[in-house]
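Data block for model.txt (compact mmCIF, C-alpha atoms and all ligand atoms):
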# COMPACT_ATOMS: atom_id res chain seq x y z
CA MET V 1 -8.68 46.58 -15.45
CA THR V 2 -11.55 48.77 -14.31
CA ASP V 3 -13.96 50.05 -16.88
CA HIS V 4 -13.23 53.70 -16.12
CA MET V 5 -9.75 55.04 -16.69
CA PRO V 6 -8.38 57.98 -14.67
CA ASP V 7 -8.74 61.54 -15.87
CA ASP V 8 -9.15 61.32 -19.61
CA LEU V 9 -6.34 58.74 -19.82
CA SER V 10 -3.80 61.16 -18.47
CA ALA V 11 -1.66 60.31 -15.50
CA ALA V 12 -0.10 63.49 -14.15
CA GLY V 13 3.39 64.05 -15.43
CA ARG V 14 3.30 60.89 -17.48
CA ASP V 15 3.71 60.77 -21.24
CA LEU V 16 0.19 60.09 -22.45
CA ARG V 17 1.60 58.10 -25.37
CA ALA V 18 3.29 55.58 -23.08
CA TYR V 19 -0.04 55.04 -21.38
CA THR V 20 -2.08 54.51 -24.55
CA ASP V 21 0.72 52.31 -26.00
CA GLU V 22 0.36 50.11 -22.95
CA LEU V 23 -3.45 49.98 -23.09
CA ARG V 24 -3.98 49.59 -26.83
CA PRO V 25 -2.97 45.95 -27.47
CA LYS V 26 -5.33 44.53 -24.83
CA HIS V 27 -7.89 47.30 -24.42
CA PRO V 28 -8.49 48.88 -27.82
CA VAL V 29 -11.56 50.76 -26.53
CA VAL V 30 -11.53 52.24 -23.02
CA ARG V 31 -13.85 54.54 -21.09
CA ASN V 32 -12.54 57.64 -19.38
CA THR V 33 -13.93 59.14 -16.18
CA LYS V 34 -16.29 61.34 -18.20
CA GLY V 35 -17.88 58.16 -19.54
CA GLU V 36 -16.56 58.79 -23.07
CA TRP V 37 -15.53 55.76 -25.12
CA VAL V 38 -11.97 56.27 -26.32
CA LEU V 39 -10.91 54.45 -29.50
CA LEU V 40 -7.19 53.67 -29.43
CA ARG V 41 -6.60 51.45 -32.47
CA HIS V 42 -5.82 52.77 -35.95
CA ALA V 43 -8.44 50.56 -37.63
CA ASP V 44 -11.22 51.65 -35.25
CA VAL V 45 -10.34 55.36 -35.31
CA LEU V 46 -10.27 55.30 -39.10
CA ALA V 47 -13.52 53.31 -39.30
CA ALA V 48 -15.29 55.85 -37.06
CA ALA V 49 -13.81 58.84 -38.92
CA VAL V 50 -15.22 57.70 -42.26
CA ASP V 51 -18.57 56.48 -40.88
CA ASN V 52 -20.50 59.74 -40.61
CA GLU V 53 -23.85 57.95 -40.49
CA ARG V 54 -23.18 56.16 -37.22
CA PHE V 55 -20.66 58.64 -35.76
CA SER V 56 -22.12 62.14 -35.80
CA SER V 57 -19.97 65.26 -35.37
CA GLN V 58 -22.77 67.18 -33.62
CA VAL V 59 -21.08 66.89 -30.25
CA SER V 60 -21.20 70.41 -28.85
CA ARG V 61 -24.03 72.67 -27.76
CA TYR V 62 -22.08 75.53 -29.33
CA LEU V 63 -22.17 76.32 -33.05
CA GLN V 64 -19.09 74.78 -34.70
CA VAL V 65 -18.71 75.54 -38.40
CA PRO V 66 -17.97 73.20 -40.13
CA ASN V 67 -16.59 70.66 -37.63
CA GLY V 68 -19.78 70.25 -35.60
CA LEU V 69 -22.03 69.79 -38.65
CA ASP V 70 -23.15 66.61 -40.42
CA GLY V 71 -24.36 65.61 -43.89
CA GLU V 72 -25.37 68.16 -46.51
CA GLU V 73 -25.14 71.08 -44.13
CA HIS V 74 -21.49 70.22 -43.43
CA THR V 75 -20.75 69.94 -47.15
CA ARG V 76 -22.22 73.39 -47.91
CA TYR V 77 -20.14 75.19 -45.27
CA ARG V 78 -17.05 73.11 -45.94
CA LYS V 79 -17.13 74.22 -49.61
CA VAL V 80 -17.03 77.86 -48.52
CA ILE V 81 -13.96 77.45 -46.34
CA GLU V 82 -12.07 75.13 -48.69
CA GLN V 83 -11.66 77.96 -51.20
CA TYR V 84 -9.47 79.79 -48.69
CA LEU V 85 -7.31 76.76 -47.92
CA SER V 86 -6.59 75.49 -51.43
CA ARG V 87 -3.10 75.40 -52.94
CA ALA V 88 -3.89 78.35 -55.23
CA ALA V 89 -5.26 80.41 -52.34
CA ILE V 90 -2.31 79.76 -50.03
CA GLU V 91 0.55 80.01 -52.54
CA PRO V 92 0.60 83.85 -52.53
CA PHE V 93 1.23 83.76 -48.77
CA ILE V 94 4.45 81.73 -49.00
CA PRO V 95 6.67 84.86 -49.17
CA VAL V 96 4.66 86.31 -46.28
CA PHE V 97 5.29 83.24 -44.10
CA LYS V 98 8.97 83.30 -45.09
CA ARG V 99 9.23 86.92 -44.03
CA VAL V 100 7.53 86.21 -40.70
CA ALA V 101 9.85 83.25 -40.06
CA SER V 102 13.04 85.18 -41.01
CA GLN V 103 12.13 88.12 -38.83
CA LEU V 104 11.48 85.83 -35.87
CA ALA V 105 14.74 83.92 -36.49
CA THR V 106 16.74 87.14 -36.36
CA GLU V 107 14.97 88.27 -33.17
CA LEU V 108 15.60 85.03 -31.26
CA PRO V 109 18.52 85.51 -28.85
CA LYS V 110 21.46 83.11 -29.30
CA GLY V 111 23.20 81.43 -26.36
CA GLU V 112 20.21 81.92 -24.02
CA VAL V 113 17.54 79.48 -22.86
CA LEU V 114 14.34 79.82 -24.91
CA ASP V 115 11.12 77.84 -24.86
CA ALA V 116 10.50 76.30 -28.31
CA VAL V 117 6.72 76.20 -27.68
CA SER V 118 5.99 79.69 -26.34
CA ASP V 119 8.94 81.74 -27.63
CA ILE V 120 9.17 80.18 -31.10
CA GLY V 121 6.05 78.13 -31.96
CA ALA V 122 3.38 80.40 -30.51
CA VAL V 123 4.94 83.63 -31.78
CA PHE V 124 5.40 82.23 -35.28
CA ALA V 125 1.84 80.81 -35.32
CA VAL V 126 0.25 84.09 -34.24
CA ARG V 127 2.26 86.24 -36.66
CA ALA V 128 1.71 83.88 -39.60
CA GLN V 129 -2.05 83.62 -38.96
CA CYS V 130 -2.42 87.40 -38.47
CA ALA V 131 -0.60 88.01 -41.76
CA TRP V 132 -2.74 85.41 -43.53
CA LEU V 133 -6.04 86.76 -42.20
CA GLY V 134 -5.12 90.45 -42.49
CA TRP V 135 -5.39 91.02 -38.73
CA PRO V 136 -3.50 93.96 -37.21
CA ALA V 137 -0.08 93.25 -35.66
CA GLU V 138 -1.32 94.99 -32.49
CA LEU V 139 -3.44 91.90 -31.78
CA GLU V 140 -0.28 89.79 -31.37
CA PRO V 141 0.24 90.29 -27.59
CA ARG V 142 -3.48 89.82 -26.96
CA LEU V 143 -3.55 86.57 -28.96
CA LEU V 144 -0.39 85.27 -27.27
CA ALA V 145 -1.79 86.02 -23.82
CA TRP V 146 -5.02 84.33 -24.85
CA MET V 147 -3.20 81.18 -26.07
CA GLY V 148 -1.39 80.90 -22.74
CA GLU V 149 -4.59 81.26 -20.77
CA ASN V 150 -6.48 78.89 -23.06
CA HIS V 151 -3.89 76.19 -22.45
CA ALA V 152 -3.97 76.75 -18.72
CA ALA V 153 -7.78 76.59 -18.66
CA THR V 154 -7.81 73.40 -20.79
CA ARG V 155 -5.24 71.77 -18.52
CA SER V 156 -7.23 72.71 -15.42
CA GLY V 157 -10.41 71.05 -16.70
CA ASP V 158 -12.36 73.95 -15.12
CA HIS V 159 -15.40 74.41 -17.36
CA ASN V 160 -16.26 77.91 -16.16
CA TRP V 161 -12.74 79.07 -16.84
CA MET V 162 -12.78 77.42 -20.28
CA ALA V 163 -16.10 79.08 -21.16
CA ASP V 164 -14.75 82.43 -20.01
CA VAL V 165 -11.61 82.03 -22.13
CA ALA V 166 -13.70 80.98 -25.15
CA GLU V 167 -15.79 84.13 -24.75
CA GLN V 168 -12.65 86.29 -24.60
CA PHE V 169 -11.57 84.79 -27.90
CA ASP V 170 -14.92 85.49 -29.52
CA GLU V 171 -14.52 89.11 -28.45
CA ILE V 172 -11.16 89.30 -30.23
CA ILE V 173 -12.76 87.87 -33.36
CA ARG V 174 -15.72 90.24 -33.19
CA SER V 175 -13.23 93.13 -32.95
CA VAL V 176 -12.00 92.28 -36.47
CA VAL V 177 -15.32 91.18 -37.97
CA GLN V 178 -17.60 94.02 -36.85
CA PRO V 179 -15.59 96.96 -38.29
CA ARG V 180 -15.24 95.11 -41.61
CA ARG V 181 -18.97 94.50 -41.83
CA ALA V 182 -19.70 98.11 -40.89
CA ALA V 183 -17.20 99.52 -43.42
CA GLY V 184 -18.93 97.87 -46.40
CA ASP V 185 -17.01 98.67 -49.59
CA ASN V 186 -14.36 100.56 -47.61
CA ALA V 187 -13.31 97.50 -45.63
CA PRO V 188 -9.64 96.50 -46.04
CA ASP V 189 -8.97 94.11 -48.91
CA ASP V 190 -7.97 91.03 -46.95
CA LEU V 191 -9.01 87.45 -46.32
CA THR V 192 -11.18 88.27 -43.31
CA THR V 193 -13.15 90.83 -45.34
CA LYS V 194 -13.62 88.29 -48.14
CA LEU V 195 -14.92 85.78 -45.63
CA CYS V 196 -17.31 88.39 -44.18
CA ARG V 197 -18.84 88.76 -47.67
CA GLU V 198 -19.35 85.00 -48.19
CA THR V 199 -22.78 83.51 -48.71
CA VAL V 200 -24.17 80.01 -48.21
CA ASP V 201 -27.24 79.14 -50.30
CA GLY V 202 -27.55 82.82 -51.17
CA HIS V 203 -27.58 83.97 -47.51
CA PRO V 204 -24.70 85.97 -46.08
CA LEU V 205 -22.87 84.20 -43.25
CA THR V 206 -24.24 85.34 -39.90
CA GLU V 207 -21.94 86.92 -37.33
CA SER V 208 -22.02 83.77 -35.18
CA GLU V 209 -21.11 81.61 -38.19
CA LEU V 210 -18.20 83.93 -39.03
CA VAL V 211 -17.00 83.92 -35.45
CA SER V 212 -17.23 80.13 -35.35
CA ILE V 213 -15.27 79.70 -38.62
CA LEU V 214 -12.55 82.10 -37.52
CA ARG V 215 -12.43 80.56 -34.06
CA ASN V 216 -11.74 77.22 -35.71
CA TRP V 217 -9.02 78.67 -37.95
CA THR V 218 -7.30 80.49 -35.13
CA GLY V 219 -8.24 79.40 -31.61
CA GLY V 220 -7.56 75.71 -32.13
CA ASP V 221 -4.99 75.93 -34.84
CA LEU V 222 -2.69 78.53 -33.34
CA GLY V 223 -2.26 76.17 -30.42
CA SER V 224 -1.74 73.15 -32.71
CA ILE V 225 0.94 74.88 -34.76
CA ALA V 226 2.76 76.05 -31.60
CA LEU V 227 2.63 72.52 -30.16
CA CYS V 228 3.80 71.01 -33.47
CA VAL V 229 6.79 73.40 -33.52
CA GLY V 230 7.63 72.28 -29.96
CA VAL V 231 7.49 68.59 -30.96
CA LEU V 232 9.60 69.20 -34.09
CA ILE V 233 12.30 71.20 -32.29
CA ALA V 234 12.46 68.70 -29.40
CA HIS V 235 12.88 65.84 -31.88
CA ILE V 236 15.57 67.64 -33.87
CA ALA V 237 17.47 68.64 -30.72
CA LYS V 238 17.48 64.96 -29.70
CA HIS V 239 18.53 63.84 -33.20
CA PRO V 240 21.10 66.42 -34.38
CA GLU V 241 22.07 64.13 -37.28
CA LEU V 242 18.75 65.21 -38.88
CA VAL V 243 19.85 68.84 -39.20
CA GLY V 244 22.29 68.22 -42.05
CA GLN V 245 19.80 65.97 -43.85
CA LEU V 246 17.00 68.51 -43.55
CA CYS V 247 19.14 71.36 -44.82
CA GLU V 248 19.98 69.34 -47.98
CA ALA V 249 16.46 67.94 -48.49
CA SER V 250 13.79 69.07 -50.97
CA ASP V 251 10.63 70.75 -49.66
CA ALA V 252 8.68 67.51 -50.17
CA GLU V 253 11.26 65.54 -48.21
CA VAL V 254 11.23 68.03 -45.34
CA GLU V 255 7.41 67.83 -45.25
CA ALA V 256 7.58 64.02 -45.12
CA VAL V 257 10.02 64.17 -42.17
CA ILE V 258 7.76 66.67 -40.37
CA ASN V 259 4.71 64.44 -40.85
CA GLU V 260 6.60 61.43 -39.55
CA ILE V 261 7.84 63.27 -36.44
CA LEU V 262 4.25 64.36 -35.79
CA ARG V 263 2.95 60.83 -36.37
CA ILE V 264 5.14 59.49 -33.59
CA ASP V 265 4.27 62.36 -31.25
CA ASN V 266 0.95 63.76 -32.46
CA PRO V 267 0.07 66.77 -30.27
CA PHE V 268 -3.49 67.07 -31.68
CA VAL V 269 -4.74 64.20 -29.55
CA SER V 270 -8.40 63.56 -30.29
CA ASN V 271 -11.75 64.62 -31.71
CA ARG V 272 -15.20 63.70 -30.53
CA ARG V 273 -18.19 61.98 -32.10
CA VAL V 274 -21.60 60.84 -30.84
CA THR V 275 -23.12 57.51 -31.89
CA THR V 276 -26.45 57.71 -33.75
CA CYS V 277 -27.29 54.01 -33.12
CA PRO V 278 -25.83 51.08 -31.17
CA VAL V 279 -22.35 50.34 -32.54
CA HIS V 280 -20.06 47.33 -32.17
CA ILE V 281 -16.45 48.45 -32.50
CA GLY V 282 -13.10 47.21 -31.17
CA GLY V 283 -14.88 44.28 -29.54
CA ARG V 284 -17.17 46.57 -27.50
CA ASP V 285 -20.87 47.38 -27.73
CA ILE V 286 -21.40 51.10 -27.57
CA PRO V 287 -24.97 52.32 -27.08
CA SER V 288 -26.73 54.94 -29.21
CA GLY V 289 -26.08 58.55 -28.11
CA ALA V 290 -22.72 57.70 -26.55
CA LYS V 291 -19.78 60.10 -26.65
CA VAL V 292 -16.79 58.66 -28.48
CA LYS V 293 -13.24 59.98 -28.78
CA LEU V 294 -11.10 59.23 -31.82
CA ASN V 295 -7.60 59.21 -30.35
CA TRP V 296 -5.41 60.13 -33.33
CA THR V 297 -2.24 60.08 -31.22
CA SER V 298 -2.71 56.48 -30.15
CA ALA V 299 -3.93 55.36 -33.60
CA ASN V 300 -0.79 56.84 -35.18
CA ARG V 301 1.39 54.62 -33.01
CA ASP V 302 -0.58 51.38 -33.49
CA GLU V 303 1.84 48.43 -33.69
CA ASN V 304 -0.56 46.61 -36.04
CA VAL V 305 0.03 49.31 -38.65
CA PHE V 306 3.42 50.84 -37.84
CA GLY V 307 5.25 47.77 -36.45
CA ASN V 308 7.79 48.83 -33.86
CA ASN V 309 7.29 52.51 -34.73
CA GLN V 310 10.56 52.98 -36.53
CA PHE V 311 11.13 56.42 -37.99
CA ASP V 312 10.36 55.94 -41.68
CA PRO V 313 8.81 58.97 -43.43
CA GLN V 314 8.16 57.18 -46.73
CA ALA V 315 6.84 53.86 -45.47
CA ASN V 316 4.51 55.38 -42.86
CA ALA V 317 3.10 58.30 -44.85
CA ALA V 318 0.05 56.56 -46.29
CA ALA V 319 -1.36 55.42 -42.95
CA ASN V 320 -0.50 58.62 -41.07
CA ILE V 321 -3.69 60.26 -39.72
CA VAL V 322 -2.25 63.34 -38.00
CA TYR V 323 -4.71 65.43 -40.06
CA GLY V 324 -7.65 63.06 -39.62
CA ALA V 325 -9.60 61.19 -42.32
CA GLY V 326 -12.98 61.18 -44.04
CA LYS V 327 -15.29 64.14 -44.63
CA HIS V 328 -13.92 66.11 -41.69
CA VAL V 329 -10.27 65.60 -42.65
CA CYS V 330 -8.32 68.77 -41.87
CA PRO V 331 -8.89 71.30 -44.68
CA GLY V 332 -5.99 73.33 -43.22
CA ARG V 333 -3.46 70.58 -43.82
CA LEU V 334 -1.60 72.32 -46.62
CA LEU V 335 -1.49 75.62 -44.77
CA ALA V 336 -0.25 73.92 -41.59
CA THR V 337 2.31 71.84 -43.49
CA TRP V 338 3.73 74.82 -45.34
CA GLU V 339 3.82 77.00 -42.24
CA LEU V 340 5.62 74.26 -40.30
CA ARG V 341 8.09 73.59 -43.12
CA ILE V 342 8.89 77.26 -43.60
CA ALA V 343 9.31 77.81 -39.84
CA LEU V 344 11.66 74.83 -39.57
CA GLN V 345 13.73 75.50 -42.69
CA THR V 346 14.19 79.14 -41.74
CA LEU V 347 15.19 78.31 -38.18
CA LEU V 348 17.67 75.64 -39.28
CA ALA V 349 19.22 78.01 -41.82
CA SER V 350 19.75 80.68 -39.16
CA VAL V 351 21.42 78.61 -36.43
CA GLN V 352 24.39 76.26 -36.07
CA THR V 353 22.97 74.12 -33.29
CA ILE V 354 19.77 73.62 -31.30
CA GLU V 355 20.52 72.08 -27.92
CA LEU V 356 18.34 70.89 -25.08
CA VAL V 357 19.18 72.13 -21.58
CA PRO V 358 20.18 69.12 -19.41
CA GLU V 359 19.02 70.69 -16.15
CA ARG V 360 15.66 71.72 -17.65
CA PRO V 361 14.34 68.75 -19.67
CA PRO V 362 11.29 69.23 -21.90
CA GLU V 363 8.01 69.08 -19.96
CA ARG V 364 5.13 67.07 -21.44
CA GLU V 365 1.64 68.51 -21.81
CA VAL V 366 -1.22 66.72 -20.05
CA ALA V 367 -4.45 65.40 -21.61
CA PRO V 368 -6.48 66.51 -23.48
CA VAL V 369 -3.49 68.32 -24.99
CA GLY V 370 -0.48 66.43 -26.34
CA GLY V 371 3.10 67.25 -27.20
CA TYR V 372 5.14 69.42 -24.83
CA HIS V 373 4.18 72.16 -22.42
CA SER V 374 7.70 73.56 -22.74
CA VAL V 375 10.89 72.65 -24.59
CA PRO V 376 13.80 74.70 -23.20
CA VAL V 377 16.52 75.01 -25.85
CA VAL V 378 19.64 77.04 -26.56
CA LEU V 379 20.32 78.17 -30.13
CA THR V 380 23.86 78.96 -31.22
C1 LIG H 401 -1.06 72.25 -37.01
C2 LIG H 401 -1.61 71.33 -37.27
C3 LIG H 401 -3.03 70.87 -37.45
C4 LIG H 401 -3.44 69.61 -37.12
C5 LIG H 401 -2.59 68.48 -36.52
C6 LIG H 401 -4.85 69.53 -37.47
C7 LIG H 401 -5.60 68.39 -37.33
C8 LIG H 401 -6.95 68.27 -37.64
C9 LIG H 401 -7.73 67.07 -37.52
C10 LIG H 401 -7.24 65.73 -36.98
C11 LIG H 401 -9.00 67.34 -37.95
C12 LIG H 401 -10.19 66.36 -38.03
C13 LIG H 401 -11.23 66.66 -37.00
C14 LIG H 401 -12.36 65.64 -36.94
O1 LIG H 401 -12.38 64.64 -37.67
O2 LIG H 401 -13.29 65.85 -36.13
C15 LIG H 401 -9.02 68.74 -38.31
C16 LIG H 401 -10.12 69.43 -38.75
C17 LIG H 401 -10.12 70.76 -39.09
N1 LIG H 401 -9.02 71.60 -39.19
FE1 LIG H 401 -7.11 71.12 -38.71
N2 LIG H 401 -5.25 70.72 -38.00
C18 LIG H 401 -4.18 71.57 -38.01
C19 LIG H 401 -4.15 72.86 -38.51
C20 LIG H 401 -5.22 73.50 -39.08
C21 LIG H 401 -5.19 74.83 -39.66
C22 LIG H 401 -3.95 75.71 -39.79
C23 LIG H 401 -6.48 75.11 -40.06
C24 LIG H 401 -7.05 76.34 -40.75
C25 LIG H 401 -6.59 77.49 -40.75
C26 LIG H 401 -7.31 73.98 -39.72
C27 LIG H 401 -8.68 73.92 -39.92
C28 LIG H 401 -9.45 72.82 -39.63
C29 LIG H 401 -10.91 72.80 -39.80
C30 LIG H 401 -11.79 73.95 -40.29
C31 LIG H 401 -11.33 71.50 -39.45
C32 LIG H 401 -12.77 70.95 -39.45
C33 LIG H 401 -13.06 70.32 -40.78
C34 LIG H 401 -14.43 69.70 -40.92
O3 LIG H 401 -15.08 69.44 -39.90
O4 LIG H 401 -14.84 69.47 -42.06
N3 LIG H 401 -6.52 73.02 -39.15
N4 LIG H 401 -7.75 69.28 -38.15

Starting from the file, give its structure as structure tokens.
Amino acid sequence: MTDHMPDDLSAAGRDLRAYTDELRPKHPVVRNTKGEWVLLRHADVLAAAVDNERFSSQVSRYLQVPNGLDGEEHTRYRKVIEQYLSRAAIEPFIPVFKRVASQLATELPKGEVLDAVSDIGAVFAVRAQCAWLGWPAELEPRLLAWMGENHAATRSGDHNWMADVAEQFDEIIRSVVQPRRAAGDNAPDDLTTKLCRETVDGHPLTESELVSILRNWTGGDLGSIALCVGVLIAHIAKHPELVGQLCEASDAEVEAVINEILRIDNPFVSNRRVTTCPVHIGGRDIPSGAKVKLNWTSANRDENVFGNNQFDPQANAAANIVYGAGKHVCPGRLLATWELRIALQTLLASVQTIELVPERPPEREVAPVGGYHSVPVVLT
């Protein structure tokens, strides 16, 4: 094997998971063409995720709150955002998410080919997030167009295009933040206004910090939720026997099934770190200052932890790292889990069958994105 693997471990048109499954047993740490060290094993990914001393999260030249921060600074900002993502804070939005899901389910045409990622997942994600944040419904088409372009830019690997798309998103965010800051006490009473009034160590959040926080909550996560919906619907269409079980199951059981489907096909592929000193991991010596990728998707399929990867929601739950681990573990886990559960339960209650289209099989995404680019389905 050469030291450098092609194109961020992706081989065009190939399921990235098959590739990392093949590499992992013999090559637990590989380097991609960008020179990044990619950790493929569960034990190594977990070890790096919880070792914030040797694996720093300060990987970007852009401000990333809180994901690009380390140590005390990370803790201070993380505390601010956790308040908005706690059980108590999210519970009031359950009826809102249910309403969004029911409305979408009634709008979806029956007997026609739909794409589970763009027509169901993306639309649900944008509407649910707008309702949660108090953003106007008029932003929906702009956000959907942005998500499509963001995916295309990420797939292309064109850095200028990606920077341009990132800037477009910041403009959308500034269009909701600036009027709220200007309106003072007359600003609408919603989550975005509350966030605009937050302080850290007695200082109000700056506009760039606010934009960064909201970018994290929307830009990345809208795409993740849409991709997760695509993976869930593809799995259910391939395993129709699950439909009956899911309709009878408790909320907790449905959530366990969702987490297990996402473990096997985790569309949120990786996060980056940079080493702060020389590190020996997975049998390799990585120098100080090296870029490292924690490949959650590969780790979640590691045969040393999950055996032959049998579908087993209960047995595999404890080791599942779809939402990461350690100090940077996803604070949006509960929100994402509830949104996904509500979307799925509502869809299943409103249809008799979800069928794949034999002449248009689901199309995989390419690295660095996982899951499916499109999942054509017919609902009846
Ligand atoms: C749909 C599924 C989602 C998946 C699979 C996912 C996964 C992850 C993972 C693996 C991390 C760890 C990153 C790292 O260690 O560097 C993370 C971090 C994060 N996620 Fe999520 N996430 C999802 C949805 C959400 C949602 C809905 C929100 C908020 C609205 C959110 C907010 C965040 C934030 C703020 C961080 C950074 C935390 C920190 O650095 O302390 N995520 N997510």

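We find atom C2 of ligand LIG 401 (chain H) and atom CA of V:Asn259 to be spaced 10.0 Å apart.
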
(request) Quote the spacing between atom CA of V:Cys196 and atom CA of V:Leu210 in Å to one decimal place. (result) 6.9 Å

(message) Neighbouring residues of ligand LIG 401 (chain H) are defined here as those with any atom at most 6 Å from a ligand atom, counting all atoms listed in the file; list them as a list in words.
(response) Pro66, Asn67, Arg78, Asn216, Trp217, Asp221, Ser224, Ile225, Phe268, Asn271, Val322, Tyr323, Gly324, Lys327, His328, Val329, Cys330, Pro331, Gly332, Arg333, Leu335 and Ala336 of chain V

(request) Kindly give the distance, in Å, that separates atom CA of V:His151 and atom CA of V:Asp265, rounded to a single decimal. (result) 18.3 Å

Kindly assemble as CSV a list of the stretch 225-307 of chain V residues that lie within 10 Å of stretch 362-366 of chain V, each paired with its nearest atom pair and their distance in Å to one decimal, using only C-alpha atoms, sorted first by chain and then by ascending residue number.
residue,atom,partner,partner_atom,distance
V:Leu227,CA,V:Glu365,CA,9.3
V:Gly230,CA,V:Pro362,CA,9.4
V:Val231,CA,V:Pro362,CA,9.8
V:Ala234,CA,V:Pro362,CA,7.6
V:Pro267,CA,V:Glu365,CA,8.8

(request) Considering only C-alpha atoms, return as a list in words whatever protein or nucleic-acid residues lie within 9 Å of V:Ile173, sequence-local ones (same chain, fewer than 6 positions apart) excluded. (result) Leu210, Val211, Leu214 and Arg215 of chain V
